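**Student:** query05.cif is the file, holding mmCIF, C-alpha atoms:
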```
data_final
loop_
_atom_site.label_atom_id
_atom_site.label_comp_id
_atom_site.auth_asym_id
_atom_site.auth_seq_id
_atom_site.Cartn_x
_atom_site.Cartn_y
_atom_site.Cartn_z
CA MET A 1 138.07 124.91 75.78
CA VAL A 2 134.30 125.12 75.78
CA GLN A 3 134.20 121.35 76.37
CA VAL A 4 136.49 121.69 79.44
CA ILE A 5 134.36 124.49 80.93
CA LYS A 6 131.25 122.43 80.28
CA LYS A 7 132.79 119.47 82.11
CA TYR A 8 133.48 121.58 85.24
CA TYR A 9 130.01 123.05 84.97
CA TYR A 10 128.54 119.56 84.92
CA LEU A 11 130.64 118.54 87.94
CA ILE A 12 129.14 121.41 89.96
CA LEU A 13 125.67 120.68 88.63
CA GLY A 14 125.97 117.03 89.68
CA ALA A 15 127.19 117.92 93.16
CA ALA A 16 124.28 120.34 93.69
CA ALA A 17 121.75 117.77 92.51
CA GLY A 18 123.33 115.12 94.71
CA VAL A 19 123.26 117.25 97.87
CA LEU A 20 119.59 118.16 97.31
CA ASN A 21 118.68 114.55 96.57
CA GLY A 22 120.44 113.25 99.66
CA LEU A 23 119.27 116.07 101.92
CA PHE A 24 115.59 116.27 100.93
CA GLY A 25 114.97 112.97 99.11
CA SER A 26 113.77 115.06 96.17
CA GLY A 27 114.41 118.38 94.50
CA GLY A 28 117.42 117.47 92.35
CA GLY A 29 115.46 118.43 89.26
CA VAL A 30 114.99 121.95 90.60
CA ALA A 31 118.73 122.48 90.19
CA VAL A 32 119.41 120.24 87.20
CA VAL A 33 116.75 121.34 84.70
CA PRO A 34 117.54 125.11 84.66
CA MET A 35 121.30 124.45 84.76
CA LEU A 36 121.06 122.10 81.76
CA GLU A 37 118.99 124.72 79.95
CA LYS A 38 121.76 127.26 80.64
CA ALA A 39 124.17 124.82 78.97
CA ASP A 40 122.09 125.26 75.80
CA ILE A 41 120.13 122.05 76.14
CA LYS A 42 116.53 122.44 74.98
CA PRO A 43 113.85 122.34 77.73
CA GLN A 44 112.34 119.00 76.72
CA LYS A 45 115.80 117.39 76.52
CA ALA A 46 116.86 119.07 79.78
CA HIS A 47 113.85 117.55 81.55
CA ALA A 48 114.53 114.07 80.12
CA THR A 49 118.27 114.27 80.82
CA SER A 50 117.61 115.44 84.38
CA ILE A 51 115.74 112.19 85.03
CA ALA A 52 118.68 110.21 83.61
CA ILE A 53 120.94 112.04 86.12
CA ILE A 54 118.63 111.92 89.14
CA LEU A 55 117.58 108.27 88.83
CA PRO A 56 121.06 106.85 89.61
CA LEU A 57 121.51 109.47 92.35
CA SER A 58 118.18 108.42 93.85
CA ILE A 59 119.26 104.77 93.80
CA VAL A 60 122.37 105.75 95.79
CA SER A 61 120.22 107.88 98.14
CA VAL A 62 117.83 104.96 98.72
CA ALA A 63 120.80 102.73 99.61
CA PHE A 64 122.02 105.34 102.12
CA TYR A 65 118.53 105.86 103.57
CA LEU A 66 117.97 102.13 103.99
CA TRP A 67 121.37 101.84 105.66
CA LYS A 68 121.17 104.94 107.85
CA GLN A 69 117.47 105.37 108.55
CA ASN A 70 115.06 102.90 109.97
CA PHE A 71 111.93 102.85 107.86
CA ASP A 72 109.48 100.42 106.37
CA LEU A 73 110.06 99.82 102.66
CA MET A 74 106.49 98.53 102.29
CA LYS A 75 105.08 101.96 103.19
CA ALA A 76 106.37 103.30 99.87
CA LEU A 77 104.99 100.49 97.73
CA VAL A 78 101.30 101.44 98.22
CA TYR A 79 101.91 104.73 96.39
CA ILE A 80 103.60 103.23 93.33
CA PRO A 81 100.59 101.93 91.26
CA GLY A 82 98.79 105.31 91.41
CA GLY A 83 102.05 107.09 90.70
CA LEU A 84 102.75 105.01 87.59
CA LEU A 85 99.21 105.57 86.31
CA GLY A 86 99.57 109.31 86.98
CA ALA A 87 102.91 109.39 85.14
CA VAL A 88 101.35 107.83 82.03
CA VAL A 89 98.34 110.20 82.15
CA GLY A 90 100.66 113.18 82.73
CA SER A 91 102.79 112.24 79.72
CA LEU A 92 99.66 112.08 77.55
CA LEU A 93 98.31 115.39 78.88
CA LEU A 94 101.63 117.19 78.63
CA LYS A 95 100.86 119.00 75.41
CA LYS A 96 97.13 119.48 75.97
CA ILE A 97 97.12 121.45 79.22
CA PRO A 98 98.57 124.98 79.49
CA ASN A 99 101.80 124.30 81.37
CA ASP A 100 102.23 127.97 82.29
CA LEU A 101 99.00 128.13 84.32
CA LEU A 102 99.69 124.75 85.93
CA ARG A 103 103.11 125.93 87.08
CA ARG A 104 101.58 128.97 88.78
CA ILE A 105 98.84 126.90 90.47
CA PHE A 106 101.49 124.41 91.60
CA GLY A 107 103.58 127.32 92.92
CA VAL A 108 100.69 128.62 95.05
CA LEU A 109 99.98 125.12 96.42
CA ILE A 110 103.53 124.52 97.56
CA ILE A 111 103.84 128.03 99.04
CA LEU A 112 100.73 127.27 101.14
CA SER A 113 102.19 123.90 102.11
CA SER A 114 105.47 125.45 103.16
CA ALA A 115 103.57 127.96 105.32
CA ARG A 116 101.73 125.07 106.96
CA ILE A 117 105.00 123.27 107.75
CA LEU A 118 106.73 126.44 108.98
CA LEU A 119 103.85 127.61 111.16
CA PHE A 120 102.18 124.46 112.45
CA LYS A 121 104.82 121.73 112.61
CA MET B 1 87.70 109.85 103.01
CA PRO B 2 89.00 106.25 103.05
CA ASP B 3 92.78 105.77 103.26
CA TRP B 4 93.02 103.88 99.98
CA LEU B 5 91.29 106.74 98.15
CA VAL B 6 93.60 109.38 99.66
CA ILE B 7 96.66 107.25 98.80
CA GLY B 8 95.34 106.72 95.26
CA LEU B 9 94.65 110.41 94.67
CA VAL B 10 97.94 111.62 96.16
CA SER B 11 100.04 109.08 94.26
CA PHE B 12 98.15 109.73 91.01
CA PHE B 13 98.56 113.51 91.32
CA THR B 14 102.24 113.06 92.19
CA GLY B 15 102.76 110.90 89.09
CA VAL B 16 100.97 113.43 86.87
CA THR B 17 102.93 116.44 88.16
CA ALA B 18 106.23 114.54 88.11
CA SER B 19 105.80 113.48 84.49
CA MET B 20 104.83 117.04 83.51
CA GLY B 21 108.05 118.42 84.97
CA LEU B 22 106.29 120.33 87.74
CA GLY B 23 108.53 119.11 90.52
CA GLY B 24 106.12 116.34 91.35
CA GLY B 25 108.46 114.74 93.84
CA PHE B 26 107.33 117.38 96.27
CA VAL B 27 103.64 116.43 96.19
CA LEU B 28 104.01 113.09 97.95
CA LEU B 29 106.62 114.47 100.32
CA ILE B 30 104.40 117.43 101.26
CA TYR B 31 101.41 115.12 101.78
CA LEU B 32 103.41 112.75 103.98
CA THR B 33 105.00 115.46 106.14
CA ALA B 34 102.41 118.25 106.26
CA PHE B 35 99.22 116.17 106.27
CA ALA B 36 99.94 112.51 107.17
CA GLY B 37 102.29 113.31 110.06
CA VAL B 38 105.15 111.11 108.81
CA PRO B 39 108.56 112.25 110.18
CA GLN B 40 110.60 114.12 107.57
CA LEU B 41 113.42 111.57 107.21
CA GLU B 42 111.04 108.63 106.85
CA ALA B 43 108.92 110.58 104.35
CA GLN B 44 112.02 111.35 102.29
CA GLY B 45 112.94 107.66 102.18
CA ILE B 46 109.40 106.76 101.04
CA ASN B 47 109.52 109.51 98.43
CA LEU B 48 112.85 108.26 97.05
CA ILE B 49 111.61 104.68 96.67
CA PHE B 50 108.38 105.94 95.08
CA PHE B 51 110.42 107.92 92.56
CA LEU B 52 112.52 104.99 91.27
CA PRO B 53 109.95 103.06 89.16
CA ILE B 54 108.31 106.28 87.91
CA ALA B 55 111.66 107.70 86.80
CA ALA B 56 112.60 104.38 85.18
CA LEU B 57 109.32 104.35 83.24
CA SER B 58 109.77 107.97 82.13
CA LEU B 59 113.35 107.25 81.12
CA ILE B 60 112.27 104.41 78.82
CA PHE B 61 109.87 106.80 77.02
CA HIS B 62 112.50 109.56 76.82
CA ALA B 63 115.23 107.23 75.55
CA LYS B 64 112.91 105.93 72.82
CA ASN B 65 112.24 109.52 71.79
CA LYS B 66 116.01 110.25 71.82
CA LEU B 67 115.63 113.05 74.35
CA ILE B 68 118.56 112.10 76.59
CA GLU B 69 121.70 114.21 76.17
CA LYS B 70 124.61 111.86 76.92
CA GLN B 71 127.45 114.36 77.44
CA PRO B 72 126.42 115.62 80.92
CA LEU B 73 125.67 112.17 82.37
CA LEU B 74 129.10 110.91 83.49
CA PRO B 75 130.46 114.07 85.19
CA THR B 76 127.14 114.94 86.88
CA ILE B 77 126.57 111.43 88.20
CA LEU B 78 130.16 111.15 89.49
CA THR B 79 129.99 114.31 91.63
CA GLY B 80 126.31 113.69 92.27
CA VAL B 81 127.11 110.51 94.19
CA LEU B 82 129.52 112.46 96.41
CA GLY B 83 126.84 115.12 96.84
CA VAL B 84 124.32 112.48 97.88
CA ALA B 85 126.68 111.24 100.60
CA LEU B 86 127.07 114.81 101.88
CA GLY B 87 123.32 115.45 101.69
CA VAL B 88 122.45 112.27 103.59
CA PHE B 89 125.06 113.13 106.23
CA LEU B 90 123.61 116.65 106.65
CA ALA B 91 120.07 115.25 106.83
CA GLY B 92 121.15 112.93 109.66
CA VAL B 93 122.85 115.79 111.53
CA LEU B 94 119.82 118.08 111.21
CA GLY B 95 117.23 115.48 112.21
CA SER B 96 113.58 115.40 111.15
CA LYS B 97 112.42 118.58 112.93
CA TRP B 98 115.01 121.01 111.53
CA LEU B 99 115.09 119.22 108.22
CA SER B 100 111.35 119.78 107.79
CA LYS B 101 111.81 123.54 108.41
CA LEU B 102 114.66 123.68 105.90
CA PHE B 103 112.55 121.72 103.43
CA ALA B 104 109.69 124.19 103.94
CA LEU B 105 112.03 127.08 103.10
CA PHE B 106 113.28 125.21 100.05
CA ILE B 107 109.77 124.58 98.68
CA LEU B 108 108.84 128.18 99.51
CA PHE B 109 111.68 129.28 97.21
CA VAL B 110 110.59 126.81 94.51
CA GLY B 111 106.94 127.87 94.89
CA LEU B 112 107.79 131.55 94.48
CA ARG B 113 109.92 130.73 91.45
CA GLU B 114 107.09 128.76 89.86
CA LEU B 115 104.46 131.39 90.69
CA PHE B 116 106.44 134.29 89.24
CA HIS B 117 108.24 132.49 86.41
CA LYS B 118 108.53 134.27 83.09
CA LYS B 119 106.64 132.85 80.18
CA PRO B 120 109.10 131.14 77.83
CA ARG B 121 109.42 132.95 74.51
CA LYS B 122 108.58 130.88 71.49
CA LYS B 123 111.47 130.74 69.06
CA SER B 124 109.26 130.03 66.08
CA ALA B 125 107.54 132.81 64.14
CA PRO B 126 105.12 134.62 66.45
CA ASP B 127 101.42 134.17 65.95
CA LYS B 128 100.22 137.69 65.05
CA SER B 129 96.67 136.97 66.18
CA HIS B 130 97.81 137.02 69.84
CA GLU B 131 99.73 140.26 69.60
CA SER B 132 96.83 142.65 69.11
CA ALA B 133 95.44 142.23 72.65
#
```
Could you render the structure from this file as structure tokens?
**Tutor:**
Amino acid sequence: MVQVIKKYYYLILGAAAGVLNGLFGSGGGVAVVPMLEKADIKPQKAHATSIAIILPLSIVSVAFYLWKQNFDLMKALVYIPGGLLGAVVGSLLLKKIPNDLLRRIFGVLIILSSARILLFK
Amino acid sequence: MPDWLVIGLVSFFTGVTASMGLGGGFVLLIYLTAFAGVPQLEAQGINLIFFLPIAALSLIFHAKNKLIEKQPLLPTILTGVLGVALGVFLAGVLGSKWLSKLFALFILFVGLRELFHKKPRKKSAPDKSHESA
């Protein structure tokens, strides 16, 4: 029974992640990570599993975006080397920097950014 | 500041925050839309393509460390694909201007959640030295 409930739960979780990914081109993890944690998956595993879910969804989103939207693929490529380097550094720093403080700083930064978009765009 | 330096810093910071589970996908998207003046839909496409190699790299590390839970993968990906189709359709209907406002509200919600999140309780035996303060 628990397995059946979990399956429905995962169906809803997937749909929510998919809508966010298709709508905003990001943000699937915001829904997936806490929902996986609620399904008794440990935070570190929830984070890793969320990437395993969002990567295929992002591939589908990219296909849709390339089909539906007219944009230059090359514009994305310039950001990839720095991003890969940052991902490696971030993985190494993960346990050395207080994640709690970083989350709050990150929160303030995106609140300010949202205000900028809402007020000035 | 030269363009290449801005691109380097933004992409590096995005990679760092993404790998630390801080919702790093937003950093590049926010830079592109709020500061570089890229239309929302185009910025989202760039962000998605940027995410693919970084996620693939992270996934290799996570799989090696046996951190991937297999049970949720099939059902979530199946409905996720349908969700993506709906999301892309809605994005097209809304258009860049309204989509950027909706995105701003979404990151406002995420920002507030991050700012006021509760500290996770450690399940292991508490360190008494921190309790006297």
**Student:** Go ahead and compute the interatomic distance for atom CA of Ala15 of chain A and atom CA of Val88 of chain B, in Å to one decimal.
**Tutor:**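 Separating atom CA of Ala15 of chain A from atom CA of Val88 of chain B is a distance of 12.8 Å.
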**Student:** Please provide the set of residues having any atom within 7 Å of Ala87 of chain A, restricted to only C-alpha atoms, with same-chain residues fewer than 4 positions apart removed, written as a PyMOL selection string.
**Tutor:** (chain A and resi 83+91) or (chain B and resi 15-16+18-19+54)
**Student:** How many Å separate atom CA of Tyr31 of chain B from atom CA of Ser11 of chain B?
**Tutor:**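 Here the two named atoms are 9.7 Å from each other.
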**Student:** I need the residue set behind the PyMOL selection byres ((chain B and resi 79) around 8) for this file; please write it as a list in words.
**Tutor:** Leu11, Ile12, Gly14, Ala15 and Gly18 of chain A; Pro75, Thr76, Ile77, Leu78, Gly80, Val81, Leu82 and Gly83 of chain B
**Student:** Would you please work out which residue, of A:Val19, A:Pro43, A:Ala115, A:Trp67, is nearest to chain B when using only C-alpha atoms?
**Tutor:** A:Val19
**Student:** Rank A:Asp72, A:Leu102, A:Gly82, A:Val32 by their smallest atom-to-atom distance to chain B, using only C-alpha atoms, and report the top residue only.
**Tutor:** A:Gly82
**Student:** To one decimal in Å, tell me the separation between atom CA of Val27 of chain B and atom CA of Phe13 of chain B.
**Tutor:**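 Atom CA of Phe13 of chain B lies at a distance of 7.6 Å from atom CA of Val27 of chain B.
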**Student:** Starting from the shown file, work through the PyMOL selection byres ((chain A and resi 41) around 12) and note down what comes out as a PyMOL selection string.
**Tutor:** (chain A and resi 6+32-40+42-50) or (chain B and resi 67-72)
**Student:** Taking only C-alpha atoms into account, which of A:Val30, A:Lys68, A:Leu77, A:Gly25 comes nearest Arg113 of chain B?
**Tutor:**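 Result for the nearest residue to Arg113 of chain B: A:Val30.
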**Student:** From the set B:Leu32, B:Phe12, B:Phe103, B:Asn47, which residue has the shortest atom-to-atom contact distance to Leu73 of chain A, counting only C-alpha atoms?
**Tutor:** B:Asn47
**Student:** Run the PyMOL selection byres ((chain B and resi 28) around 12) mentally over the shown coordinates, then write out the matched residues as an MDAnalysis selection string, using the chain letters and numbers from the document.
**Tutor:** (chainID A and resid 25:26 76 78:80 82:83 110 113) or (chainID B and resid 6:18 23:27 29:36 38 40 43:51)
**Student:** Counting only C-alpha atoms, figure out which residue out of B:Leu115, B:Leu99, B:Ala63, B:Leu57 gets nearest to chain A.
**Tutor:**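 Once distances to chain A are computed over only C-alpha atoms, the minimum belongs to B:Leu115.
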**Student:** Taking into account only C-alpha atoms, which residue in the set B:Trp98, B:Gly37, B:Phe116, B:Ala56 is nearest to Ala52 of chain A?
**Tutor:**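 Among the listed residues, the smallest separation from Ala52 of chain A belongs to B:Ala56.
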**Student:** Could you work out an axis-aligned bounding box for all listed atoms of segment 106-115 of chain B, with 5 Å added on each of the six sides, and give its centre and edge lengths in Å to one decimal, as JSON?
**Tutor:**
```
{"center_x": 108.9, "center_y": 128.1, "center_z": 95.0, "size_x": 18.8, "size_y": 17.0, "size_z": 20.2}
```
**Student:** Missing atoms in segment 102-119 of chain A: fill them in up to N, CA and C atoms and send the result as a PDB file, in the coordinates of the input.
**Tutor:**
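Done, and the output landed in out_34.pdb:
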```
ATOM      1  N   LEU A 102      99.469 125.838  84.973  1.00  0.00           N
ATOM      2  CA  LEU A 102      99.690 124.750  85.930  1.00  0.00           C
ATOM      3  C   LEU A 102     100.867 125.062  86.853  1.00  0.00           C
ATOM      4  N   ARG A 103     101.926 125.608  86.276  1.00  0.00           N
ATOM      5  CA  ARG A 103     103.110 125.930  87.080  1.00  0.00           C
ATOM      6  C   ARG A 103     102.778 126.961  88.146  1.00  0.00           C
ATOM      7  N   ARG A 104     101.936 127.941  87.787  1.00  0.00           N
ATOM      8  CA  ARG A 104     101.580 128.970  88.780  1.00  0.00           C
ATOM      9  C   ARG A 104     100.670 128.388  89.878  1.00  0.00           C
ATOM     10  N   ILE A 105      99.720 127.538  89.475  1.00  0.00           N
ATOM     11  CA  ILE A 105      98.840 126.900  90.470  1.00  0.00           C
ATOM     12  C   ILE A 105      99.683 126.028  91.414  1.00  0.00           C
ATOM     13  N   PHE A 106     100.599 125.264  90.820  1.00  0.00           N
ATOM     14  CA  PHE A 106     101.490 124.410  91.600  1.00  0.00           C
ATOM     15  C   PHE A 106     102.323 125.260  92.570  1.00  0.00           C
ATOM     16  N   GLY A 107     102.803 126.401  92.081  1.00  0.00           N
ATOM     17  CA  GLY A 107     103.580 127.320  92.920  1.00  0.00           C
ATOM     18  C   GLY A 107     102.794 127.763  94.140  1.00  0.00           C
ATOM     19  N   VAL A 108     101.529 128.162  93.932  1.00  0.00           N
ATOM     20  CA  VAL A 108     100.690 128.620  95.050  1.00  0.00           C
ATOM     21  C   VAL A 108     100.492 127.473  96.050  1.00  0.00           C
ATOM     22  N   LEU A 109     100.227 126.262  95.538  1.00  0.00           N
ATOM     23  CA  LEU A 109      99.980 125.120  96.420  1.00  0.00           C
ATOM     24  C   LEU A 109     101.197 124.811  97.296  1.00  0.00           C
ATOM     25  N   ILE A 110     102.384 124.857  96.713  1.00  0.00           N
ATOM     26  CA  ILE A 110     103.530 124.520  97.560  1.00  0.00           C
ATOM     27  C   ILE A 110     103.933 125.667  98.483  1.00  0.00           C
ATOM     28  N   ILE A 111     103.597 126.910  98.105  1.00  0.00           N
ATOM     29  CA  ILE A 111     103.840 128.030  99.040  1.00  0.00           C
ATOM     30  C   ILE A 111     102.934 127.851 100.264  1.00  0.00           C
ATOM     31  N   LEU A 112     101.656 127.498 100.027  1.00  0.00           N
ATOM     32  CA  LEU A 112     100.730 127.270 101.140  1.00  0.00           C
ATOM     33  C   LEU A 112     101.207 126.103 102.010  1.00  0.00           C
ATOM     34  N   SER A 113     101.705 125.059 101.351  1.00  0.00           N
ATOM     35  CA  SER A 113     102.190 123.900 102.110  1.00  0.00           C
ATOM     36  C   SER A 113     103.401 124.261 102.955  1.00  0.00           C
ATOM     37  N   SER A 114     104.277 125.084 102.394  1.00  0.00           N
ATOM     38  CA  SER A 114     105.470 125.450 103.160  1.00  0.00           C
ATOM     39  C   SER A 114     105.065 126.286 104.372  1.00  0.00           C
ATOM     40  N   ALA A 115     104.049 127.156 104.194  1.00  0.00           N
ATOM     41  CA  ALA A 115     103.570 127.960 105.320  1.00  0.00           C
ATOM     42  C   ALA A 115     103.011 127.047 106.412  1.00  0.00           C
ATOM     43  N   ARG A 116     102.289 126.010 105.988  1.00  0.00           N
ATOM     44  CA  ARG A 116     101.730 125.070 106.960  1.00  0.00           C
ATOM     45  C   ARG A 116     102.839 124.378 107.764  1.00  0.00           C
ATOM     46  N   ILE A 117     103.886 123.961 107.064  1.00  0.00           N
ATOM     47  CA  ILE A 117     105.000 123.270 107.750  1.00  0.00           C
ATOM     48  C   ILE A 117     105.725 124.255 108.680  1.00  0.00           C
ATOM     49  N   LEU A 118     105.974 125.472 108.178  1.00  0.00           N
ATOM     50  CA  LEU A 118     106.730 126.440 108.980  1.00  0.00           C
ATOM     51  C   LEU A 118     105.957 126.893 110.214  1.00  0.00           C
ATOM     52  N   LEU A 119     104.638 127.040 110.058  1.00  0.00           N
ATOM     53  CA  LEU A 119     103.850 127.610 111.160  1.00  0.00           C
ATOM     54  C   LEU A 119     103.289 126.570 112.124  1.00  0.00           C
TER      55      LEU A 119
END
```
